[in-house]
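Printed here is run.cif (mmCIF, C-alpha atoms):
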data_input
loop_
_atom_site.group_PDB
_atom_site.id
_atom_site.type_symbol
_atom_site.label_atom_id
_atom_site.label_comp_id
_atom_site.auth_asym_id
_atom_site.auth_seq_id
_atom_site.Cartn_x
_atom_site.Cartn_y
_atom_site.Cartn_z
ATOM 1 C CA MET A 25 -22.259 5.942 17.292
ATOM 2 C CA GLU A 26 -19.739 3.094 17.697
ATOM 3 C CA PRO A 27 -17.674 2.414 14.581
ATOM 4 C CA THR A 28 -18.266 -0.937 12.917
ATOM 5 C CA TRP A 29 -15.450 -3.505 12.788
ATOM 6 C CA GLN A 30 -15.023 -2.724 9.096
ATOM 7 C CA GLU A 31 -14.477 0.956 9.863
ATOM 8 C CA MET A 32 -11.934 0.016 12.553
ATOM 9 C CA LEU A 33 -10.197 -2.274 10.080
ATOM 10 C CA SER A 34 -10.050 0.486 7.492
ATOM 11 C CA ALA A 35 -8.475 2.895 10.006
ATOM 12 C CA LEU A 36 -6.064 0.164 11.153
ATOM 13 C CA MET A 37 -4.942 -0.334 7.571
ATOM 14 C CA ASP A 38 -4.137 3.385 7.386
ATOM 15 C CA ASP A 39 -2.318 3.258 10.740
ATOM 16 C CA GLU A 40 -4.747 5.806 12.159
ATOM 17 C CA LEU A 41 -5.698 4.036 15.408
ATOM 18 C CA SER A 42 -4.402 4.576 18.923
ATOM 19 C CA GLU A 43 -2.437 1.664 20.436
ATOM 20 C CA GLU A 44 -5.462 0.646 22.470
ATOM 21 C CA GLU A 45 -7.708 0.641 19.404
ATOM 22 C CA MET A 46 -4.995 -1.190 17.462
ATOM 23 C CA GLU A 47 -5.072 -3.979 20.035
ATOM 24 C CA GLN A 48 -8.858 -4.186 19.826
ATOM 25 C CA ALA A 49 -8.765 -4.324 16.031
ATOM 26 C CA PHE A 50 -6.041 -6.973 16.039
ATOM 27 C CA ALA A 51 -7.950 -9.128 18.537
ATOM 28 C CA LEU A 52 -10.947 -8.861 16.250
ATOM 29 C CA ILE A 53 -8.992 -10.004 13.189
ATOM 30 C CA CYS A 54 -7.600 -12.984 15.120
ATOM 31 C CA LYS A 55 -11.074 -14.346 15.773
ATOM 32 C CA ASN A 56 -12.887 -13.170 12.644
ATOM 33 C CA GLU A 57 -11.982 -14.876 9.373
ATOM 34 C CA GLU A 58 -14.045 -12.398 7.390
ATOM 35 C CA ALA A 59 -11.919 -9.575 8.796
ATOM 36 C CA MET A 60 -8.746 -11.250 7.495
ATOM 37 C CA ALA A 61 -10.336 -11.791 4.054
ATOM 38 C CA THR A 62 -11.437 -8.158 4.005
ATOM 39 C CA TRP A 63 -7.903 -7.023 4.912
ATOM 40 C CA LYS A 64 -6.599 -9.018 1.958
ATOM 41 C CA ARG A 65 -9.101 -7.578 -0.533
ATOM 42 C CA TRP A 66 -8.644 -4.004 0.666
ATOM 43 C CA HIS A 67 -4.899 -4.291 0.183
ATOM 44 C CA MET A 68 -5.515 -5.592 -3.299
ATOM 45 C CA ALA A 69 -7.672 -2.517 -3.968
ATOM 46 C CA LYS A 70 -4.918 -0.327 -2.535
ATOM 47 C CA ALA A 71 -2.345 -1.869 -4.893
ATOM 48 C CA LEU A 72 -4.654 -1.423 -7.878
ATOM 49 C CA LEU A 73 -5.350 2.187 -6.944
ATOM 50 C CA SER A 74 -1.666 2.950 -6.723
ATOM 51 C CA ASP A 75 -1.270 1.438 -10.202
ATOM 52 C CA MET A 76 -3.895 3.799 -11.622
ATOM 53 C CA PRO A 77 -2.622 6.461 -14.027
ATOM 54 C CA GLN A 78 -1.738 9.584 -12.088
ATOM 55 C CA HIS A 79 -4.137 11.924 -13.846
ATOM 56 C CA PRO A 80 -7.342 10.188 -14.914
ATOM 57 C CA GLY A 81 -10.381 12.451 -15.249
ATOM 58 C CA SER A 82 -11.869 11.296 -11.973
ATOM 59 C CA THR A 83 -8.878 12.297 -9.909
ATOM 60 C CA LEU A 84 -8.072 15.520 -11.708
ATOM 61 C CA GLN A 85 -10.691 17.428 -9.748
ATOM 62 C CA VAL A 86 -9.231 16.109 -6.498
ATOM 63 C CA GLN A 87 -5.752 17.110 -7.597
ATOM 64 C CA GLN A 88 -6.980 20.634 -8.342
ATOM 65 C CA GLN A 89 -8.625 20.793 -4.917
ATOM 66 C CA LEU A 90 -5.334 19.724 -3.332
ATOM 67 C CA LEU A 91 -3.283 22.260 -5.273
ATOM 68 C CA GLN A 92 -5.724 25.043 -4.411
ATOM 69 C CA LYS A 93 -5.437 24.222 -0.710
ATOM 70 C CA LEU A 94 -1.666 24.048 -0.880
ATOM 71 C CA SER A 95 -1.484 27.426 -2.600
ATOM 72 C CA GLN A 96 -3.684 28.873 0.188
ATOM 73 C CA ARG A 97 -1.213 27.533 2.730
ATOM 74 C CA ARG A 98 1.666 29.119 0.826
ATOM 75 C CA VAL A 99 -0.067 32.493 0.976
ATOM 76 C CA VAL A 100 -0.458 32.112 4.763
ATOM 77 C CA VAL A 101 3.204 31.116 5.171
ATOM 78 C CA ASP A 102 4.364 34.038 3.010
ATOM 79 C CA ALA A 103 2.218 36.439 5.031
ATOM 80 C CA ASP A 104 3.726 35.104 8.279
ATOM 81 C CA VAL A 105 7.227 35.595 6.976
ATOM 82 C CA GLN A 106 6.518 39.158 5.907
ATOM 83 C CA SER A 107 4.953 40.078 9.229
ATOM 84 C CA SER A 108 7.837 38.672 11.275
ATOM 85 C CA GLU A 109 9.882 41.844 10.639
ATOM 86 C CA ILE A 110 13.065 39.963 9.808
ATOM 87 C CA PRO A 111 15.314 42.368 7.904
ATOM 88 C CA GLN A 112 15.773 40.994 4.419
ATOM 89 C CA THR A 113 18.873 41.383 2.331
ATOM 90 C CA ASN A 114 19.367 40.377 -1.249
ATOM 91 C CA THR A 115 20.857 37.084 -0.130
ATOM 92 C CA ASP A 116 18.180 35.922 2.316
ATOM 93 C CA LYS A 117 15.128 37.272 0.560
ATOM 94 C CA VAL A 118 12.196 34.842 0.718
ATOM 95 C CA GLU A 119 10.992 33.941 -2.752
ATOM 96 C CA VAL B 192 5.879 8.262 24.802
ATOM 97 C CA ARG B 193 5.805 7.739 21.048
ATOM 98 C CA ARG B 194 2.937 5.595 19.847
ATOM 99 C CA LYS B 195 3.943 2.340 18.159
ATOM 100 C CA ASN B 196 3.127 2.370 14.483
ATOM 101 C CA LEU B 197 1.188 -0.498 12.946
ATOM 102 C CA ASP B 198 4.259 -2.349 11.659
ATOM 103 C CA GLU B 199 5.980 -2.147 15.036
ATOM 104 C CA TYR B 200 2.855 -3.421 16.736
ATOM 105 C CA LEU B 201 2.457 -6.349 14.323
ATOM 106 C CA ILE B 202 6.161 -7.284 14.596
ATOM 107 C CA ASP B 203 5.881 -7.342 18.392
ATOM 108 C CA GLN B 204 2.864 -9.610 18.121
ATOM 109 C CA ALA B 205 4.582 -11.856 15.571
ATOM 110 C CA LYS B 206 7.652 -12.152 17.835
ATOM 111 C CA ARG B 207 5.323 -13.312 20.598
ATOM 112 C CA GLY B 208 4.150 -16.124 18.342
ATOM 113 C CA GLN B 209 1.004 -14.531 16.898
ATOM 114 C CA ARG B 210 1.086 -15.978 13.408
ATOM 115 C CA THR B 211 -1.878 -13.831 12.329
ATOM 116 C CA ALA B 212 0.240 -10.713 12.896
ATOM 117 C CA PHE B 213 2.805 -11.920 10.396
ATOM 118 C CA ASP B 214 0.058 -12.871 7.926
ATOM 119 C CA LEU B 215 -1.205 -9.293 8.130
ATOM 120 C CA LEU B 216 2.278 -7.988 7.371
ATOM 121 C CA VAL B 217 2.555 -10.299 4.362
ATOM 122 C CA LEU B 218 -0.779 -9.114 2.982
ATOM 123 C CA ARG B 219 0.202 -5.511 3.696
ATOM 124 C CA TYR B 220 3.489 -5.657 1.774
ATOM 125 C CA GLN B 221 3.263 -8.466 -0.793
ATOM 126 C CA HIS B 222 2.251 -6.111 -3.602
ATOM 127 C CA LYS B 223 5.301 -3.893 -3.037
ATOM 128 C CA VAL B 224 7.636 -6.869 -2.613
ATOM 129 C CA ILE B 225 6.588 -8.440 -5.906
ATOM 130 C CA GLN B 226 7.189 -5.123 -7.690
ATOM 131 C CA ILE B 227 10.728 -5.054 -6.317
ATOM 132 C CA VAL B 228 11.422 -8.710 -7.122
ATOM 133 C CA LEU B 229 10.174 -8.302 -10.696
ATOM 134 C CA ARG B 230 12.917 -5.745 -11.316
ATOM 135 C CA TYR B 231 15.455 -8.520 -10.888
ATOM 136 C CA VAL B 232 13.577 -11.737 -11.691
ATOM 137 C CA LYS B 233 11.804 -11.472 -15.025
ATOM 138 C CA ASP B 234 9.873 -14.730 -14.921
ATOM 139 C CA PRO B 235 6.606 -14.081 -12.994
ATOM 140 C CA THR B 236 6.369 -17.629 -11.617
ATOM 141 C CA GLU B 237 9.941 -17.491 -10.332
ATOM 142 C CA ALA B 238 9.263 -14.034 -8.950
ATOM 143 C CA LEU B 239 6.404 -15.406 -6.866
ATOM 144 C CA ASP B 240 8.744 -18.089 -5.470
ATOM 145 C CA VAL B 241 11.329 -15.436 -4.641
ATOM 146 C CA MET B 242 8.657 -13.375 -2.914
ATOM 147 C CA GLN B 243 7.704 -16.380 -0.813
ATOM 148 C CA ASP B 244 11.376 -17.003 0.082
ATOM 149 C CA THR B 245 11.687 -13.363 1.084
ATOM 150 C CA PHE B 246 8.856 -13.611 3.588
ATOM 151 C CA ILE B 247 10.173 -16.911 4.966
ATOM 152 C CA ARG B 248 13.601 -15.335 5.527
ATOM 153 C CA VAL B 249 12.040 -12.326 7.195
ATOM 154 C CA TYR B 250 9.886 -14.524 9.433
ATOM 155 C CA ARG B 251 12.920 -16.574 10.494
ATOM 156 C CA GLY B 252 14.939 -13.436 11.102
ATOM 157 C CA LEU B 253 12.288 -11.523 13.039
ATOM 158 C CA ASP B 254 14.128 -11.924 16.335
ATOM 159 C CA THR B 255 17.186 -10.243 14.868
ATOM 160 C CA PHE B 256 15.165 -7.223 13.720
ATOM 161 C CA ARG B 257 15.741 -4.503 16.315
ATOM 162 C CA GLY B 258 13.669 -1.777 14.734
ATOM 163 C CA ASP B 259 16.542 0.659 14.145
ATOM 164 C CA SER B 260 15.133 1.197 10.660
ATOM 165 C CA ALA B 261 11.573 0.881 9.425
ATOM 166 C CA PHE B 262 10.347 -2.676 8.926
ATOM 167 C CA TYR B 263 9.655 -2.141 5.246
ATOM 168 C CA THR B 264 13.216 -0.980 4.498
ATOM 169 C CA TRP B 265 14.521 -4.209 6.021
ATOM 170 C CA LEU B 266 11.908 -6.265 4.166
ATOM 171 C CA PHE B 267 12.724 -4.600 0.833
ATOM 172 C CA ARG B 268 16.444 -5.146 1.382
ATOM 173 C CA VAL B 269 15.844 -8.850 2.033
ATOM 174 C CA ALA B 270 13.705 -8.984 -1.132
ATOM 175 C CA ILE B 271 16.480 -7.425 -3.237
ATOM 176 C CA ASN B 272 19.126 -9.754 -1.821
ATOM 177 C CA THR B 273 16.932 -12.823 -2.290
ATOM 178 C CA ALA B 274 16.185 -11.834 -5.882
ATOM 179 C CA LYS B 275 19.859 -11.162 -6.660
ATOM 180 C CA ASN B 276 20.897 -14.491 -5.108
ATOM 181 C CA HIS B 277 18.227 -16.245 -7.128
ATOM 182 C CA GLU B 278 19.471 -14.728 -10.377
ATOM 183 C CA ALA B 279 23.118 -15.427 -9.523
ATOM 184 C CA ALA B 280 22.337 -19.075 -8.757
ATOM 185 C CA LYS B 281 20.372 -19.349 -11.991
ATOM 186 C CA SER B 282 23.218 -17.970 -14.082
ATOM 187 C CA ARG B 283 25.499 -20.676 -12.684
ATOM 188 C CA ARG B 284 23.079 -23.374 -13.882
ATOM 189 C CA PRO B 285 23.161 -24.476 -17.553
ATOM 190 C CA PRO B 286 20.065 -23.284 -19.431
ATOM 191 C CA ASP B 287 17.349 -25.935 -19.870
ATOM 192 C CA ILE B 288 16.431 -24.850 -23.375
ATOM 193 C CA ASP B 289 17.550 -22.329 -25.959
ATOM 194 C CA ILE B 290 15.095 -19.479 -26.237
ATOM 195 C CA ASP B 291 15.070 -17.855 -29.625
ATOM 196 C CA PHE B 292 14.830 -14.134 -30.131
ATOM 197 C CA PHE B 293 11.051 -14.020 -30.720
ATOM 198 C CA GLU B 294 10.301 -16.131 -27.684
ATOM 199 C CA ALA B 295 12.497 -13.867 -25.581
ATOM 200 C CA GLU B 296 10.728 -10.773 -26.866
ATOM 201 C CA LYS B 297 7.309 -12.303 -26.153
ATOM 202 C CA GLN B 298 8.438 -13.176 -22.648
ATOM 203 C CA LEU B 299 9.615 -9.619 -22.071
ATOM 204 C CA ASP B 300 6.256 -8.157 -23.090
ATOM 205 C CA MET B 301 4.435 -10.544 -20.821
ATOM 206 C CA ASN B 302 6.595 -9.482 -17.886
ATOM 207 C CA LYS B 303 5.944 -5.837 -18.597
ATOM 208 C CA LEU B 304 2.210 -6.492 -18.794
ATOM 209 C CA ASN B 305 2.168 -8.338 -15.520
ATOM 210 C CA GLU B 306 4.233 -6.045 -13.366
ATOM 211 C CA ASN B 307 2.970 -5.869 -9.785
ATOM 212 C CA ALA B 308 1.726 -9.430 -9.992
ATOM 213 C CA THR B 309 0.533 -11.506 -7.094
ATOM 214 C CA PRO B 310 -1.418 -14.718 -7.674
ATOM 215 C CA GLU B 311 -4.819 -13.036 -7.882
ATOM 216 C CA HIS B 312 -3.524 -9.748 -9.196
ATOM 217 C CA TYR B 313 -1.592 -11.632 -11.839
ATOM 218 C CA LEU B 314 -4.586 -13.550 -13.156
ATOM 219 C CA TYR B 315 -7.159 -10.758 -13.212
ATOM 220 C CA ARG B 316 -5.048 -7.629 -13.155
ATOM 221 C CA ASP B 317 -6.403 -5.863 -16.218
ATOM 222 C CA GLU B 318 -10.018 -6.632 -15.483
ATOM 223 C CA LEU B 319 -9.668 -5.641 -11.842
ATOM 224 C CA GLN B 320 -7.855 -2.471 -12.788
ATOM 225 C CA LEU B 321 -10.729 -1.484 -15.015
ATOM 226 C CA LYS B 322 -13.268 -2.233 -12.275
ATOM 227 C CA VAL B 323 -11.355 -0.156 -9.772
ATOM 228 C CA THR B 324 -11.016 2.779 -12.157
ATOM 229 C CA ASP B 325 -14.718 2.683 -13.031
ATOM 230 C CA THR B 326 -15.716 2.394 -9.391
ATOM 231 C CA VAL B 327 -13.608 5.393 -8.381
ATOM 232 C CA ASP B 328 -15.039 7.357 -11.330
ATOM 233 C CA GLY B 329 -18.583 6.536 -10.229
ATOM 234 C CA MET B 330 -18.140 7.406 -6.544
ATOM 235 C CA PRO B 331 -19.827 10.417 -4.960
ATOM 236 C CA GLU B 332 -17.429 13.360 -4.915
ATOM 237 C CA ASP B 333 -16.811 13.302 -1.147
ATOM 238 C CA LEU B 334 -15.839 9.613 -1.098
ATOM 239 C CA ARG B 335 -13.737 9.863 -4.250
ATOM 240 C CA ALA B 336 -11.743 12.799 -2.908
ATOM 241 C CA ALA B 337 -11.047 11.029 0.389
ATOM 242 C CA ILE B 338 -9.909 7.729 -1.128
ATOM 243 C CA VAL B 339 -7.799 9.352 -3.859
ATOM 244 C CA LEU B 340 -6.017 11.610 -1.376
ATOM 245 C CA ARG B 341 -5.376 8.637 0.878
ATOM 246 C CA GLU B 342 -4.378 5.922 -1.609
ATOM 247 C CA MET B 343 -2.877 7.865 -4.476
ATOM 248 C CA HIS B 344 -1.275 10.702 -2.532
ATOM 249 C CA GLY B 345 -0.623 8.864 0.737
ATOM 250 C CA LEU B 346 -1.974 11.670 2.924
ATOM 251 C CA SER B 347 -2.896 11.178 6.582
ATOM 252 C CA TYR B 348 -6.475 11.577 7.845
ATOM 253 C CA GLU B 349 -5.509 14.886 9.454
ATOM 254 C CA GLU B 350 -4.106 16.256 6.202
ATOM 255 C CA ILE B 351 -7.190 15.086 4.294
ATOM 256 C CA SER B 352 -9.502 16.665 6.866
ATOM 257 C CA TRP B 353 -7.683 19.961 6.358
ATOM 258 C CA ILE B 354 -7.938 19.788 2.580
ATOM 259 C CA LEU B 355 -11.588 18.744 2.530
ATOM 260 C CA ASP B 356 -12.606 21.012 5.431
ATOM 261 C CA CYS B 357 -14.250 18.272 7.462
ATOM 262 C CA PRO B 358 -13.575 16.496 10.779
ATOM 263 C CA VAL B 359 -11.092 13.601 10.942
ATOM 264 C CA GLY B 360 -13.953 11.258 11.913
ATOM 265 C CA THR B 361 -15.725 12.133 8.668
ATOM 266 C CA VAL B 362 -12.574 11.369 6.671
ATOM 267 C CA ARG B 363 -12.289 7.992 8.398
ATOM 268 C CA SER B 364 -15.885 7.177 7.580
ATOM 269 C CA ARG B 365 -15.615 8.333 3.936
ATOM 270 C CA ILE B 366 -12.493 6.268 3.311
ATOM 271 C CA TYR B 367 -14.147 3.236 4.831
ATOM 272 C CA ARG B 368 -17.271 3.693 2.677
ATOM 273 C CA ALA B 369 -15.137 4.139 -0.451
ATOM 274 C CA ARG B 370 -13.342 0.883 0.382
ATOM 275 C CA GLU B 371 -16.685 -0.864 0.766
ATOM 276 C CA LEU B 372 -17.661 0.257 -2.748
ATOM 277 C CA LEU B 373 -14.352 -0.983 -4.170
ATOM 278 C CA ASP B 374 -14.665 -4.212 -2.236
ATOM 279 C CA ALA B 375 -18.049 -4.986 -3.750
ATOM 280 C CA GLU B 376 -16.355 -5.030 -7.176
ATOM 281 C CA ILE B 377 -13.237 -6.922 -6.143
ATOM 282 C CA LYS B 378 -14.860 -9.582 -3.964
ATOM 283 C CA PRO B 379 -16.310 -11.695 -6.815
ATOM 284 C CA PHE B 380 -12.807 -12.023 -8.348
ATOM 285 C CA MET B 381 -11.164 -13.035 -5.114
ATOM 286 C CA ASP B 382 -13.854 -15.509 -4.063
ATOM 287 C CA HIS B 383 -13.504 -17.944 -6.918
#

Would you mind writing the file out in structure tokens?
Amino acid sequence: MEPTWQEMLSALMDDELSEEEMEQAFALICKNEEAMATWKRWHMAKALLSDMPQHPGSTLQVQQQLLQKLSQRRVVVDADVQSSEIPQTNTDKVE
Amino acid sequence: VRRKNLDEYLIDQAKRGQRTAFDLLVLRYQHKVIQIVLRYVKDPTEALDVMQDTFIRVYRGLDTFRGDSAFYTWLFRVAINTAKNHEAAKSRRPPDIDIDFFEAEKQLDMNKLNENATPEHYLYRDELQLKVTDTVDGMPEDLRAAIVLREMHGLSYEEISWILDCPVGTVRSRIYRARELLDAEIKPFMDH
């Protein structure tokens, strides 16, 4: 299914489009006043979200999810280091 | 070949005379610029003028910007210099009126309250902030996680897809839908 112009705009805002898609999205904004107004409002929302307290109840669960994933990655990294058979001394021991 | 990032693309377009490209850059960075300016210029109305001057200077100097550093670092540097110049010029002028201690204190509180101001933000900040918080709280879990990881933690779609165990396309769609929900709350404030 083709993404809507709003979905393209959202990805453009996050700098997640290829150069070709970026050109398409920009051309769309140039001829669509509603797209420009939407860009403005979404940036307002972005600014307000970044002003939100860092640990409100709603985001705590997301934070925990993030931390859990990061700790999983750490386990994988640690396992890789141990299996690489690099001789460890007291000075270069991986914590 | 490295892909141009969004700022680089918009600057190229602006240099070619596409005014809309510069407008997009202004809307993209005005909230950050006002935060910076307010560190130096305490009066919110003056801060808005300084912000405007900053963008005018940047627009006039676009041709001199070679892209050796990121656009935003240049923009923020211009903002700081413009704000400092503004304050220096003001200190050379005789004060219009004497502000007594209580007035000064009141003014200080107001500035603190209205940090991050832009015209709309400035007028409705508290109410909008509440709306945004409530809307995020009320979102379905999948949308809330995507938008929080993107906007509050600044993660890329790829990083979010890894954390949430879903394809990048799904992340893109969830973030877009979360923005639509936020927009429905913000739109009435911005339209009048």

Legend entry - Chain and number of each residue from the PyMOL selection byres ((chain A and resi 36-43) around 7), as a ChimeraX atom specification: /A:32-35,44-47 /B:194-197

Could you take the residues named above and write them with C-alpha atoms, as a CSV table (one decimal), keeping the file's coordinate frame?
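Result saved to selection27.csv:
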chain,number,residue,atom,x,y,z
A,32,MET,CA,-11.9,0.0,12.6
A,33,LEU,CA,-10.2,-2.3,10.1
A,34,SER,CA,-10.0,0.5,7.5
A,35,ALA,CA,-8.5,2.9,10.0
A,44,GLU,CA,-5.5,0.6,22.5
A,45,GLU,CA,-7.7,0.6,19.4
A,46,MET,CA,-5.0,-1.2,17.5
A,47,GLU,CA,-5.1,-4.0,20.0
B,194,ARG,CA,2.9,5.6,19.8
B,195,LYS,CA,3.9,2.3,18.2
B,196,ASN,CA,3.1,2.4,14.5
B,197,LEU,CA,1.2,-0.5,12.9

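Nearest to Arg363 of chain B of all the residues A:Glu26, A:Trp63, A:Asp75, A:Glu31 is A:Glu31, counting only C-alpha atoms.
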
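Considering only C-alpha atoms, the residue among B:Thr361, B:Thr264, B:Ser352, B:Gln320 positioned nearest to chain A is B:Gln320.
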
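Remark: for Ala49 of chain A, the closest of the candidate residues A:Gln30, A:Ala61, A:Met25, A:Ser74 is A:Gln30 (distances computed over all atoms listed in the file).
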
Inset, instruction - Give me, please, the distance in Å between atom CA of Glu237 of chain B and atom CA of Thr211 of chain B, quoted to one decimal. - result: 25.8 Å

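Here atom CA of Leu334 of chain B and atom CA of Ile53 of chain A stand 25.2 Å from one another.
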
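Among the candidate residues A:Ala69, A:Pro27, A:Ala51, A:Asn56, the one lying nearest to Ala212 of chain B is A:Ala51, with distances computed using only C-alpha atoms.
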
Inset, instruction - Pick out the closest residue to Thr326 of chain B from this set: A:Met68, A:Met60, A:Leu52, A:Leu73. Count all atoms listed in the file. - result: A:Leu73

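Excluding Met242 of chain B itself and same-chain residues fewer than 4 positions from it, the residues having an atom within 9 Å of it are Gln221, Val224, Ile225, Val228, Glu237, Ala238, Phe246, Ile247, Ala270, Thr273 and Ala274 of chain B, counting only C-alpha atoms.
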
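Here atom CA of Gly345 of chain B is placed at a distance of 23.3 Å from atom CA of Arg230 of chain B.
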